[in-house]
>>> print(open('query.cif').read())   # mmCIF, C-alpha atoms
data_input
#
loop_
_atom_site.label_atom_id
_atom_site.label_comp_id
_atom_site.auth_asym_id
_atom_site.auth_seq_id
_atom_site.Cartn_x
_atom_site.Cartn_y
_atom_site.Cartn_z
CA MET A 14 82.06 -178.91 269.81
CA GLY A 15 82.24 -175.11 270.13
CA TYR A 16 79.94 -172.36 268.93
CA ILE A 17 79.14 -171.36 265.35
CA LYS A 18 80.92 -168.05 264.79
CA SER A 19 81.49 -165.66 261.88
CA ALA A 20 84.91 -165.92 260.29
CA ALA A 21 84.78 -162.19 259.52
CA LEU A 22 84.90 -161.43 263.27
CA GLU A 23 87.56 -163.99 264.13
CA GLU A 24 90.67 -161.81 263.93
CA LYS A 25 89.55 -158.55 265.55
CA GLY A 26 86.06 -159.21 266.90
CA PHE A 27 84.27 -156.58 264.80
CA VAL A 28 83.42 -155.47 261.27
CA VAL A 29 82.26 -152.16 259.82
CA LEU A 30 79.65 -152.43 257.06
CA ASP A 31 78.85 -150.06 254.21
CA SER A 32 77.30 -146.83 255.42
CA TYR A 33 73.50 -146.61 255.37
CA ASN A 34 71.74 -143.57 253.88
CA GLN A 35 69.97 -142.57 257.09
CA ASP A 36 68.61 -139.37 255.54
CA LEU A 37 66.10 -141.42 253.55
CA ASP A 38 64.36 -142.69 256.71
CA PRO A 39 62.15 -140.77 259.16
CA LYS A 40 63.40 -140.24 262.71
CA GLU A 41 61.37 -143.12 264.12
CA TRP A 42 63.51 -143.27 267.25
CA LEU A 43 61.83 -140.08 268.45
CA ASP A 44 58.37 -141.69 268.39
CA ILE A 45 58.91 -144.95 270.30
CA GLU A 46 58.57 -145.47 274.06
CA TYR A 47 61.70 -145.39 276.25
CA ASN A 48 62.41 -146.59 279.76
CA ASP A 49 65.20 -145.56 282.11
CA TRP A 50 67.32 -148.68 281.76
CA LYS A 51 70.90 -147.79 282.63
CA SER A 52 73.89 -149.21 280.82
CA SER A 53 77.30 -147.60 280.32
CA GLY A 54 76.73 -143.89 280.74
CA ASP A 55 73.60 -141.78 281.06
CA THR A 56 71.16 -143.82 279.00
CA ARG A 57 67.58 -144.74 278.22
CA PHE A 58 66.42 -147.62 276.00
CA ALA A 59 63.42 -148.17 273.75
CA PRO A 60 62.98 -151.91 273.09
CA LEU A 61 61.57 -153.14 269.77
CA ALA A 62 61.92 -156.82 270.71
CA SER A 63 62.13 -158.27 274.21
CA ALA A 64 61.77 -161.59 276.00
CA PHE A 65 57.96 -161.66 275.90
CA GLY A 66 56.99 -158.59 273.86
CA ASP A 67 56.83 -156.20 276.81
CA ILE A 68 58.47 -152.77 276.95
CA GLU A 69 61.38 -153.82 279.16
CA CYS A 70 65.08 -154.46 278.62
CA ASN A 71 66.06 -157.23 281.01
CA GLY A 72 68.33 -160.08 279.96
CA PHE A 73 66.37 -163.10 278.76
CA TRP A 74 68.02 -165.25 281.45
CA ASN A 75 66.32 -163.14 284.14
CA HIS A 76 62.86 -164.26 283.01
CA LYS A 77 60.91 -167.45 283.57
CA PRO A 78 61.76 -169.67 281.86
CA PRO A 79 65.33 -168.34 281.62
CA ARG A 80 66.98 -168.54 278.20
CA THR A 81 69.73 -167.08 276.08
CA ASP A 82 69.48 -163.87 274.05
CA LYS A 83 67.58 -165.44 271.12
CA ASP A 84 64.01 -165.57 269.79
CA GLY A 85 63.00 -162.09 270.87
CA VAL A 86 59.31 -161.18 270.65
CA TRP A 87 58.54 -158.06 268.64
CA ILE A 88 56.57 -155.40 270.49
CA ASP A 89 53.56 -154.51 268.35
CA SER A 90 53.16 -150.94 269.61
CA GLN A 91 56.85 -150.15 269.01
CA VAL A 92 57.08 -151.88 265.64
CA ALA A 93 54.06 -149.89 264.42
CA LYS A 94 55.92 -146.67 265.19
CA ALA A 95 59.30 -147.84 263.84
CA PRO A 96 58.77 -150.06 260.78
CA ASN A 97 62.04 -149.01 259.14
CA LEU A 98 64.12 -149.72 262.22
CA THR A 99 62.38 -153.09 262.52
CA ARG A 100 63.07 -153.86 258.86
CA ARG A 101 66.75 -153.08 259.28
CA ALA A 102 67.04 -155.31 262.35
CA GLN A 103 65.34 -158.16 260.49
CA GLU A 104 67.18 -157.73 257.18
CA PRO A 105 70.04 -160.18 257.86
CA GLY A 106 67.53 -163.01 258.37
CA ALA A 107 69.48 -164.10 261.44
CA ASN A 108 67.73 -164.94 264.70
CA VAL A 109 67.03 -161.76 266.70
CA GLY A 110 67.13 -161.63 270.48
CA ARG A 111 66.95 -158.24 272.12
CA CYS A 112 66.49 -155.27 269.79
CA ARG A 113 66.38 -151.74 271.12
CA VAL A 114 67.33 -148.13 270.53
CA ILE A 115 69.74 -146.56 272.99
CA GLU A 116 69.64 -142.88 273.87
CA LEU A 117 73.05 -141.77 275.15
CA GLN A 118 73.72 -138.37 276.64
CA PRO A 119 77.07 -136.62 275.96
CA THR A 120 79.95 -138.72 277.33
CA PRO A 121 83.59 -137.54 277.44
CA TYR A 122 86.41 -139.91 276.49
CA GLY A 123 87.52 -140.46 280.09
CA ASP A 124 83.98 -141.43 281.14
CA CYS A 125 83.74 -143.71 278.11
CA LEU A 126 86.89 -145.56 279.20
CA TYR A 127 85.50 -145.96 282.70
CA ASN A 128 82.27 -147.31 281.16
CA LEU A 129 84.02 -149.95 279.03
CA HIS A 130 82.25 -153.28 279.51
CA GLN A 131 81.68 -156.70 277.98
CA ASP A 132 78.17 -157.99 277.31
CA ASP A 133 76.78 -161.26 278.61
CA ASN A 134 75.13 -162.26 275.32
CA ASN A 135 75.63 -166.01 275.51
CA ARG A 136 74.53 -167.00 278.99
CA LEU A 137 72.63 -170.31 278.70
CA ASN A 138 73.50 -170.51 274.99
CA PRO A 139 73.88 -174.24 274.16
CA ASP A 140 77.22 -175.42 272.81
CA GLY A 141 77.10 -176.14 269.09
CA THR A 142 74.67 -173.30 268.33
CA GLY A 143 75.26 -169.80 266.94
CA TRP A 144 77.26 -167.31 269.01
CA VAL A 145 75.28 -164.12 269.76
CA VAL A 146 76.85 -160.85 268.58
CA ARG A 147 75.42 -157.35 268.29
CA GLY A 148 74.74 -154.92 265.48
CA PHE A 149 75.07 -151.19 266.10
CA PHE A 150 73.44 -148.80 263.60
CA ASN A 151 74.11 -145.14 264.36
CA LEU A 152 70.96 -143.10 263.74
CA THR A 153 71.98 -139.54 264.55
CA ASP A 154 74.80 -137.66 262.85
CA ASP A 155 77.53 -137.73 265.50
CA LYS A 156 80.62 -137.07 263.39
CA ASP A 157 82.77 -136.14 266.39
CA SER A 158 81.67 -139.16 268.44
CA PHE A 159 83.25 -142.61 268.28
CA PHE A 160 82.97 -146.17 269.50
CA VAL A 161 85.89 -147.47 271.57
CA LEU A 162 86.89 -151.15 271.38
CA ARG A 163 89.59 -152.83 273.47
CA GLU A 164 90.73 -156.39 274.07
CA ASN A 165 91.84 -155.36 277.57
CA ARG A 166 89.81 -152.79 279.49
CA THR A 167 92.74 -150.86 280.98
CA ASP A 168 95.28 -151.31 278.16
CA PRO A 169 95.06 -148.71 275.35
CA ALA A 170 97.42 -150.73 273.13
CA GLY A 171 95.50 -151.69 270.02
CA GLU A 172 92.49 -149.54 270.93
CA VAL A 173 90.08 -149.17 268.01
CA ARG A 174 88.07 -145.96 267.66
CA ILE A 175 85.27 -146.04 265.06
CA SER A 176 83.63 -142.81 263.88
CA LEU A 177 79.86 -142.51 264.30
CA PRO A 178 78.27 -140.36 261.60
CA ALA A 179 74.65 -141.08 260.70
CA GLY A 180 74.46 -144.42 258.93
CA ALA A 181 77.56 -145.99 260.47
CA GLN A 182 76.96 -149.75 260.81
CA LEU A 183 79.02 -152.08 263.01
CA ILE A 184 78.78 -155.70 264.06
CA ILE A 185 80.72 -156.50 267.23
CA ASP A 186 81.39 -159.55 269.37
CA THR A 187 80.59 -157.56 272.49
CA GLN A 188 81.16 -160.52 274.79
CA ARG A 189 84.79 -160.61 273.58
CA LEU A 190 85.56 -156.90 273.25
CA TRP A 191 85.35 -154.20 275.90
CA HIS A 192 83.28 -151.42 274.38
CA ALA A 193 81.59 -148.08 275.02
CA ALA A 194 80.95 -144.84 273.15
CA THR A 195 82.46 -141.40 273.46
CA HIS A 196 79.70 -138.96 272.56
CA VAL A 197 80.78 -135.42 271.79
CA GLY A 198 77.95 -132.95 271.42
CA SER A 199 75.06 -131.28 273.19
CA GLU A 200 72.20 -133.52 272.00
CA PRO A 201 71.61 -137.23 272.71
CA ARG A 202 73.04 -139.89 270.45
CA TYR A 203 70.66 -142.59 269.17
CA ASN A 204 71.74 -146.05 268.02
CA LEU A 205 69.86 -149.22 267.08
CA ILE A 206 71.30 -152.28 268.86
CA THR A 207 70.29 -155.78 267.74
CA SER A 208 71.37 -159.16 269.11
CA TRP A 209 71.96 -161.52 266.17
CA THR A 210 72.82 -165.21 266.17
CA SER A 211 75.91 -166.05 264.11
CA GLY A 212 75.46 -168.40 261.18
CA PRO A 213 75.23 -168.44 257.37
CA GLU A 214 72.54 -165.73 257.29
CA LEU A 215 74.69 -163.24 259.21
CA ASP A 216 77.77 -164.24 257.21
CA ALA A 217 75.93 -163.49 253.97
CA TYR A 218 74.77 -160.13 255.32
CA ILE A 219 78.34 -159.18 256.31
CA GLU A 220 79.56 -160.15 252.84
CA LYS A 221 76.74 -158.29 251.09
CA TYR A 222 77.65 -155.03 252.84
CA HIS A 223 81.41 -155.51 252.55
CA GLY A 224 82.14 -155.95 256.25
CA THR A 225 85.75 -155.13 257.09
CA ASP A 226 87.92 -154.79 260.16
CA GLN A 227 90.39 -152.57 258.32
CA VAL A 228 89.37 -149.10 259.47
CA GLU A 229 91.24 -145.95 260.36
CA ASN A 230 91.03 -144.87 263.98
CA HIS A 231 88.92 -141.81 264.69
CA PRO A 232 91.50 -139.03 265.28
CA VAL A 233 91.81 -137.87 268.88
CA PRO A 234 94.50 -135.43 270.12
CA GLN A 235 97.14 -137.06 272.30
CA ASP A 236 96.42 -134.78 275.23
CA VAL A 237 92.75 -135.88 275.18
CA LEU A 238 93.85 -139.51 275.11
CA GLU A 239 96.22 -139.02 278.04
CA ALA A 240 93.59 -137.16 280.05
CA GLY A 241 91.15 -139.99 279.36
CA TYR A 242 93.58 -142.64 280.58
CA ALA A 243 94.13 -140.63 283.77
CA GLU A 244 90.39 -140.18 284.33
CA GLN A 245 89.74 -143.89 283.91
CA ALA A 246 92.49 -144.71 286.42
CA ARG A 247 91.17 -142.10 288.88
CA LYS A 248 87.61 -143.43 288.72
CA ASP A 249 88.77 -147.04 288.97
CA ALA A 250 90.78 -146.20 292.08
CA ALA A 251 87.86 -144.35 293.64
CA ARG A 252 85.56 -147.31 292.99
CA ALA A 253 88.07 -149.76 294.48
CA ALA A 254 88.47 -147.58 297.56
CA TYR A 255 84.69 -147.35 297.99
CA TYR A 256 84.20 -151.11 297.91
CA ALA A 257 87.21 -151.70 300.13
CA ALA A 258 85.76 -149.34 302.74
CA LYS A 259 82.34 -150.94 302.38
CA GLY A 260 83.91 -154.36 302.94
CA GLN A 261 85.62 -153.15 306.08
CA GLN A 262 82.32 -151.79 307.39
CA VAL A 263 80.66 -155.17 306.79
CA LYS A 264 83.48 -157.01 308.56
CA GLN A 265 83.28 -154.63 311.52
CA ALA A 266 79.51 -155.03 311.77
CA MET A 267 79.84 -158.81 311.71
CA SER A 268 82.52 -158.75 314.43
CA GLU A 269 80.32 -156.58 316.65
CA ALA A 270 77.23 -158.73 316.17
#
>>> encode(input="query.cif", output="structure tokens")
Amino acid sequence: MGYIKSAALEEKGFVVLDSYNQDLDPKEWLDIEYNDWKSSGDTRFAPLASAFGDIECNGFWNHKPPRTDKDGVWIDSQVAKAPNLTRRAQEPGANVGRCRVIELQPTPYGDCLYNLHQDDNNRLNPDGTGWVVRGFFNLTDDKDSFFVLRENRTDPAGEVRISLPAGAQLIIDTQRLWHAATHVGSEPRYNLITSWTSGPELDAYIEKYHGTDQVENHPVPQDVLEAGYAEQARKDAARAAYYAAKGQQVKQAMSEA
């Protein structure tokens, strides 16, 4: 049968929407409660909706009963402090799973490449229902920062780099695309991330805000790109060596037992 997916994301796995006038809204992300949930990079998260309305960020499949990333419960104390962020997450009318603000500390390009990951949005998602994707609304004005998208984690061919000024709005199939952010600056970057279920409501929202996958890559000097590729390879090799050595230690311990 297959999943219900958005045609707008079929070719490249992402769309960029019209920019939002972030200056009109208060900085609600500074008022809500964060916890030290680690993702790609040095991060904290402030959930607005979670599995049962608690201030936690765990995948819905890690709760009892386990379920897919749908039907999130809004957290009253957080929503009261961030009504505009909540409104924006609810605007498409699509089913919302997890909804949270990420706080990301400065992250160089090489670290971003090492942090590239795919999300596990659709675990336990029944066949024939809407595919879960994620919206990313940049809240702070990070003109020199950019989102990195790849089809293959270690292959820069076709890499997409999307600029992140205040008001940048993206929708990404993050289970398909490897993704992470390069954050250039001295202050944290804040971004609203919402899990949405694909379907006619999300399709209409993408159309309303002129979603497109035709975007110019954020400009990065070639020497910075090359240094980033080298840093990713160095860190990958170091990680592989660490786990190889750890495996040898386990084997030795088992043989001596």
>>> resolve_selection(input="query.cif", expression="the PyMOL selection byres ((chain A and resi 56-71) around 7)", output="mmCIF file with C-alpha atoms, keeping the file's coordinate frame")
data_model
loop_
_atom_site.group_PDB
_atom_site.id
_atom_site.type_symbol
_atom_site.label_atom_id
_atom_site.label_comp_id
_atom_site.auth_asym_id
_atom_site.auth_seq_id
_atom_site.Cartn_x
_atom_site.Cartn_y
_atom_site.Cartn_z
ATOM 1 C CA ILE A 45 58.910 -144.950 270.300
ATOM 2 C CA GLU A 46 58.570 -145.470 274.060
ATOM 3 C CA TYR A 47 61.700 -145.390 276.250
ATOM 4 C CA ASN A 48 62.410 -146.590 279.760
ATOM 5 C CA ASP A 49 65.200 -145.560 282.110
ATOM 6 C CA TRP A 50 67.320 -148.680 281.760
ATOM 7 C CA LYS A 51 70.900 -147.790 282.630
ATOM 8 C CA SER A 52 73.890 -149.210 280.820
ATOM 9 C CA GLY A 54 76.730 -143.890 280.740
ATOM 10 C CA ASP A 55 73.600 -141.780 281.060
ATOM 11 C CA GLY A 72 68.330 -160.080 279.960
ATOM 12 C CA PHE A 73 66.370 -163.100 278.760
ATOM 13 C CA ASN A 75 66.320 -163.140 284.140
ATOM 14 C CA GLY A 85 63.000 -162.090 270.870
ATOM 15 C CA VAL A 86 59.310 -161.180 270.650
ATOM 16 C CA TRP A 87 58.540 -158.060 268.640
ATOM 17 C CA ILE A 88 56.570 -155.400 270.490
ATOM 18 C CA GLN A 91 56.850 -150.150 269.010
ATOM 19 C CA VAL A 92 57.080 -151.880 265.640
ATOM 20 C CA ARG A 111 66.950 -158.240 272.120
ATOM 21 C CA CYS A 112 66.490 -155.270 269.790
ATOM 22 C CA ARG A 113 66.380 -151.740 271.120
ATOM 23 C CA VAL A 114 67.330 -148.130 270.530
ATOM 24 C CA ILE A 115 69.740 -146.560 272.990
ATOM 25 C CA GLU A 116 69.640 -142.880 273.870
ATOM 26 C CA LEU A 117 73.050 -141.770 275.150
ATOM 27 C CA GLN A 118 73.720 -138.370 276.640
#
>>> closest_residue(input="query.cif", among="A:Glu172, A:Glu239, A:Asp226, A:Glu200", to="Val29 in chain A", atoms="only C-alpha atoms")
A:Asp226
>>> atom_distance(input="query.cif", atom1="CA of Pro201 in chain A", atom2="CA of Asp157 in chain A")
12.9 Å
>>> resolve_selection(input="query.cif", expression="the PyMOL selection byres ((chain A and resi 156) around 6)", output="ChimeraX atom specification")
/A:154-155,157-158,177-178
>>> atom_distance(input="query.cif", atom1="CA of Thr210 in chain A", atom2="CA of Gly110 in chain A")
8.0 Å
>>> atom_distance(input="query.cif", atom1="CA of Arg202 in chain A", atom2="CA of Phe160 in chain A")
11.8 Å
>>> resolve_selection(input="query.cif", expression="the PyMOL selection byres ((chain A and resi 101) around 12)", output="ChimeraX atom specification")
/A:33,35,38,61,92,95-100,102-107,109,112-113,148-152,180,182,205-207,218
>>> residues_near_point(input="query.cif", point="(87.5, -160.4, 262.5)", cutoff="10 Å", atoms="all atoms listed in the file", output="list in words")
Ser19, Ala20, Ala21, Leu22, Glu23, Glu24, Lys25, Gly26, Phe27, Val28, Ile185, Asp186, Gly224, Thr225, Asp226 and Gln227 of chain A
>>> write_last_selection(input="query.cif", atoms="C-alpha atoms", output="CSV table (one decimal), in the coordinates of the input")
chain,number,residue,atom,x,y,z
A,19,SER,CA,81.5,-165.7,261.9
A,20,ALA,CA,84.9,-165.9,260.3
A,21,ALA,CA,84.8,-162.2,259.5
A,22,LEU,CA,84.9,-161.4,263.3
A,23,GLU,CA,87.6,-164.0,264.1
A,24,GLU,CA,90.7,-161.8,263.9
A,25,LYS,CA,89.6,-158.6,265.6
A,26,GLY,CA,86.1,-159.2,266.9
A,27,PHE,CA,84.3,-156.6,264.8
A,28,VAL,CA,83.4,-155.5,261.3
A,185,ILE,CA,80.7,-156.5,267.2
A,186,ASP,CA,81.4,-159.6,269.4
A,224,GLY,CA,82.1,-156.0,256.2
A,225,THR,CA,85.8,-155.1,257.1
A,226,ASP,CA,87.9,-154.8,260.2
A,227,GLN,CA,90.4,-152.6,258.3
>>> residues_around(input="query.cif", residues="Tyr222 in chain A", least_positions_apart="5", cutoff="9 Å", atoms="only C-alpha atoms", output="number ranges by chain")
A: 29-32, 217
>>> closest_residue(input="query.cif", among="A:Tyr203, A:Trp209, A:Tyr242, A:Tyr127", to="Trp191 in chain A", atoms="all atoms listed in the file")
A:Tyr127
>>> residues_near_point(input="query.cif", point="(92.0, -142.1, 284.6)", cutoff="12 Å", atoms="only C-alpha atoms", output="PDB file with C-alpha atoms, in the frame of the given file")
ATOM      1  CA  PRO A 121      83.590-137.540 277.440  1.00  0.00           C
ATOM      2  CA  TYR A 122      86.410-139.910 276.490  1.00  0.00           C
ATOM      3  CA  GLY A 123      87.520-140.460 280.090  1.00  0.00           C
ATOM      4  CA  ASP A 124      83.980-141.430 281.140  1.00  0.00           C
ATOM      5  CA  CYS A 125      83.740-143.710 278.110  1.00  0.00           C
ATOM      6  CA  LEU A 126      86.890-145.560 279.200  1.00  0.00           C
ATOM      7  CA  TYR A 127      85.500-145.960 282.700  1.00  0.00           C
ATOM      8  CA  ASN A 128      82.270-147.310 281.160  1.00  0.00           C
ATOM      9  CA  THR A 167      92.740-150.860 280.980  1.00  0.00           C
ATOM     10  CA  ASP A 168      95.280-151.310 278.160  1.00  0.00           C
ATOM     11  CA  PRO A 169      95.060-148.710 275.350  1.00  0.00           C
ATOM     12  CA  VAL A 237      92.750-135.880 275.180  1.00  0.00           C
ATOM     13  CA  LEU A 238      93.850-139.510 275.110  1.00  0.00           C
ATOM     14  CA  GLU A 239      96.220-139.020 278.040  1.00  0.00           C
ATOM     15  CA  ALA A 240      93.590-137.160 280.050  1.00  0.00           C
ATOM     16  CA  GLY A 241      91.150-139.990 279.360  1.00  0.00           C
ATOM     17  CA  TYR A 242      93.580-142.640 280.580  1.00  0.00           C
ATOM     18  CA  ALA A 243      94.130-140.630 283.770  1.00  0.00           C
ATOM     19  CA  GLU A 244      90.390-140.180 284.330  1.00  0.00           C
ATOM     20  CA  GLN A 245      89.740-143.890 283.910  1.00  0.00           C
ATOM     21  CA  ALA A 246      92.490-144.710 286.420  1.00  0.00           C
ATOM     22  CA  ARG A 247      91.170-142.100 288.880  1.00  0.00           C
ATOM     23  CA  LYS A 248      87.610-143.430 288.720  1.00  0.00           C
ATOM     24  CA  ASP A 249      88.770-147.040 288.970  1.00  0.00           C
ATOM     25  CA  ALA A 250      90.780-146.200 292.080  1.00  0.00           C
ATOM     26  CA  ALA A 251      87.860-144.350 293.640  1.00  0.00           C
ATOM     27  CA  ARG A 252      85.560-147.310 292.990  1.00  0.00           C
TER      28      ARG A 252
END
>>> closest_residue(input="query.cif", among="A:Ala194, A:Asn138, A:Gln262, A:Asp44", to="Ser90 in chain A", atoms="all atoms listed in the file")
A:Asp44
>>> closest_residue(input="query.cif", among="A:Pro119, A:Gly198, A:Pro232, A:Gly141", to="Ile175 in chain A", atoms="only C-alpha atoms")
A:Pro232
>>> axis_aligned_box(input="query.cif", around="range 17-30 of chain A", padding_each_side="4 Å", output="JSON")
{"center_x": 84.9, "center_y": -161.8, "center_z": 262.0, "size_x": 19.5, "size_y": 27.2, "size_z": 17.8}
>>> residues_around(input="query.cif", residues="Thr81 in chain A", least_positions_apart="3", cutoff="8 Å", atoms="only C-alpha atoms", output="PyMOL selection string")
chain A and resi 73-74+134-138
>>> closest_residue(input="query.cif", among="A:Glu41, A:Asp132, A:Asp236, A:Asp36", to="Asn204 in chain A", atoms="only C-alpha atoms")
A:Glu41
>>> build_atoms(input="query.cif", residues="range 73-82 of chain A", atoms="all heavy atoms", output="PDB file, keeping the file's coordinate frame")
ATOM      1  N   PHE A  73      67.344-162.013 278.881  1.00  0.00           N
ATOM      2  CA  PHE A  73      66.370-163.100 278.760  1.00  0.00           C
ATOM      3  C   PHE A  73      66.551-164.154 279.848  1.00  0.00           C
ATOM      4  O   PHE A  73      65.610-164.866 280.184  1.00  0.00           O
ATOM      5  CB  PHE A  73      66.489-163.741 277.382  1.00  0.00           C
ATOM      6  CG  PHE A  73      65.961-162.885 276.246  1.00  0.00           C
ATOM      7  CD1 PHE A  73      65.556-161.573 276.460  1.00  0.00           C
ATOM      8  CD2 PHE A  73      65.872-163.402 274.972  1.00  0.00           C
ATOM      9  CE1 PHE A  73      65.071-160.793 275.425  1.00  0.00           C
ATOM     10  CE2 PHE A  73      65.387-162.636 273.919  1.00  0.00           C
ATOM     11  CZ  PHE A  73      64.996-161.330 274.139  1.00  0.00           C
ATOM     12  N   TRP A  74      67.755-164.261 280.388  1.00  0.00           N
ATOM     13  CA  TRP A  74      68.020-165.250 281.450  1.00  0.00           C
ATOM     14  C   TRP A  74      67.420-164.835 282.790  1.00  0.00           C
ATOM     15  O   TRP A  74      67.390-165.629 283.720  1.00  0.00           O
ATOM     16  CB  TRP A  74      69.526-165.459 281.588  1.00  0.00           C
ATOM     17  CG  TRP A  74      70.288-164.175 281.655  1.00  0.00           C
ATOM     18  CD1 TRP A  74      70.548-163.405 282.748  1.00  0.00           C
ATOM     19  CD2 TRP A  74      70.864-163.480 280.546  1.00  0.00           C
ATOM     20  NE1 TRP A  74      71.237-162.280 282.404  1.00  0.00           N
ATOM     21  CE2 TRP A  74      71.451-162.298 281.048  1.00  0.00           C
ATOM     22  CE3 TRP A  74      70.948-163.736 279.175  1.00  0.00           C
ATOM     23  CZ2 TRP A  74      72.109-161.386 280.235  1.00  0.00           C
ATOM     24  CZ3 TRP A  74      71.604-162.826 278.371  1.00  0.00           C
ATOM     25  CH2 TRP A  74      72.179-161.663 278.887  1.00  0.00           C
ATOM     26  N   ASN A  75      66.950-163.603 282.897  1.00  0.00           N
ATOM     27  CA  ASN A  75      66.320-163.140 284.140  1.00  0.00           C
ATOM     28  C   ASN A  75      64.800-163.325 284.125  1.00  0.00           C
ATOM     29  O   ASN A  75      64.116-162.847 285.029  1.00  0.00           O
ATOM     30  CB  ASN A  75      66.654-161.668 284.383  1.00  0.00           C
ATOM     31  CG  ASN A  75      68.114-161.469 284.748  1.00  0.00           C
ATOM     32  OD1 ASN A  75      68.687-162.276 285.465  1.00  0.00           O
ATOM     33  ND2 ASN A  75      68.724-160.404 284.252  1.00  0.00           N
ATOM     34  N   HIS A  76      64.286-163.995 283.107  1.00  0.00           N
ATOM     35  CA  HIS A  76      62.860-164.260 283.010  1.00  0.00           C
ATOM     36  C   HIS A  76      62.575-165.726 283.317  1.00  0.00           C
ATOM     37  O   HIS A  76      63.491-166.531 283.470  1.00  0.00           O
ATOM     38  CB  HIS A  76      62.339-163.910 281.612  1.00  0.00           C
ATOM     39  CG  HIS A  76      62.395-162.450 281.287  1.00  0.00           C
ATOM     40  ND1 HIS A  76      63.549-161.816 280.866  1.00  0.00           N
ATOM     41  CD2 HIS A  76      61.448-161.486 281.321  1.00  0.00           C
ATOM     42  CE1 HIS A  76      63.293-160.536 280.655  1.00  0.00           C
ATOM     43  NE2 HIS A  76      62.031-160.311 280.924  1.00  0.00           N
ATOM     44  N   LYS A  77      61.309-166.062 283.382  1.00  0.00           N
ATOM     45  CA  LYS A  77      60.910-167.450 283.570  1.00  0.00           C
ATOM     46  C   LYS A  77      60.093-167.905 282.363  1.00  0.00           C
ATOM     47  O   LYS A  77      59.060-167.309 282.062  1.00  0.00           O
ATOM     48  CB  LYS A  77      60.083-167.596 284.859  1.00  0.00           C
ATOM     49  CG  LYS A  77      60.884-167.305 286.114  1.00  0.00           C
ATOM     50  CD  LYS A  77      60.024-167.497 287.366  1.00  0.00           C
ATOM     51  CE  LYS A  77      60.832-167.198 288.634  1.00  0.00           C
ATOM     52  NZ  LYS A  77      60.018-167.371 289.851  1.00  0.00           N
ATOM     53  N   PRO A  78      60.530-168.918 281.636  1.00  0.00           N
ATOM     54  CA  PRO A  78      61.760-169.670 281.860  1.00  0.00           C
ATOM     55  C   PRO A  78      62.985-168.868 281.396  1.00  0.00           C
ATOM     56  O   PRO A  78      62.886-168.115 280.426  1.00  0.00           O
ATOM     57  CB  PRO A  78      61.577-170.923 281.016  1.00  0.00           C
ATOM     58  CG  PRO A  78      60.698-170.451 279.877  1.00  0.00           C
ATOM     59  CD  PRO A  78      59.769-169.446 280.487  1.00  0.00           C
ATOM     60  N   PRO A  79      64.128-169.036 282.061  1.00  0.00           N
ATOM     61  CA  PRO A  79      65.330-168.340 281.620  1.00  0.00           C
ATOM     62  C   PRO A  79      65.876-168.929 280.325  1.00  0.00           C
ATOM     63  O   PRO A  79      65.776-170.130 280.092  1.00  0.00           O
ATOM     64  CB  PRO A  79      66.303-168.570 282.792  1.00  0.00           C
ATOM     65  CG  PRO A  79      65.838-169.836 283.419  1.00  0.00           C
ATOM     66  CD  PRO A  79      64.349-169.853 283.264  1.00  0.00           C
ATOM     67  N   ARG A  80      66.420-168.063 279.468  1.00  0.00           N
ATOM     68  CA  ARG A  80      66.980-168.540 278.200  1.00  0.00           C
ATOM     69  C   ARG A  80      68.015-167.561 277.700  1.00  0.00           C
ATOM     70  O   ARG A  80      68.205-166.482 278.276  1.00  0.00           O
ATOM     71  CB  ARG A  80      65.867-168.739 277.166  1.00  0.00           C
ATOM     72  CG  ARG A  80      65.007-167.505 276.913  1.00  0.00           C
ATOM     73  CD  ARG A  80      63.774-167.885 276.091  1.00  0.00           C
ATOM     74  NE  ARG A  80      62.832-166.784 275.919  1.00  0.00           N
ATOM     75  CZ  ARG A  80      62.893-165.895 274.929  1.00  0.00           C
ATOM     76  NH1 ARG A  80      63.842-165.980 274.023  1.00  0.00           N
ATOM     77  NH2 ARG A  80      61.991-164.928 274.844  1.00  0.00           N
ATOM     78  N   THR A  81      68.699-167.943 276.637  1.00  0.00           N
ATOM     79  CA  THR A  81      69.730-167.080 276.080  1.00  0.00           C
ATOM     80  C   THR A  81      69.098-165.963 275.245  1.00  0.00           C
ATOM     81  O   THR A  81      67.884-165.936 275.043  1.00  0.00           O
ATOM     82  CB  THR A  81      70.713-167.912 275.242  1.00  0.00           C
ATOM     83  OG1 THR A  81      71.919-167.167 275.046  1.00  0.00           O
ATOM     84  CG2 THR A  81      70.115-168.291 273.906  1.00  0.00           C
ATOM     85  N   ASP A  82      69.943-165.072 274.746  1.00  0.00           N
ATOM     86  CA  ASP A  82      69.480-163.870 274.050  1.00  0.00           C
ATOM     87  C   ASP A  82      69.110-164.192 272.601  1.00  0.00           C
ATOM     88  O   ASP A  82      69.734-163.713 271.648  1.00  0.00           O
ATOM     89  CB  ASP A  82      70.577-162.805 274.113  1.00  0.00           C
ATOM     90  CG  ASP A  82      70.081-161.409 273.744  1.00  0.00           C
ATOM     91  OD1 ASP A  82      68.884-161.261 273.459  1.00  0.00           O
ATOM     92  OD2 ASP A  82      70.901-160.475 273.745  1.00  0.00           O
TER      93      ASP A  82
END
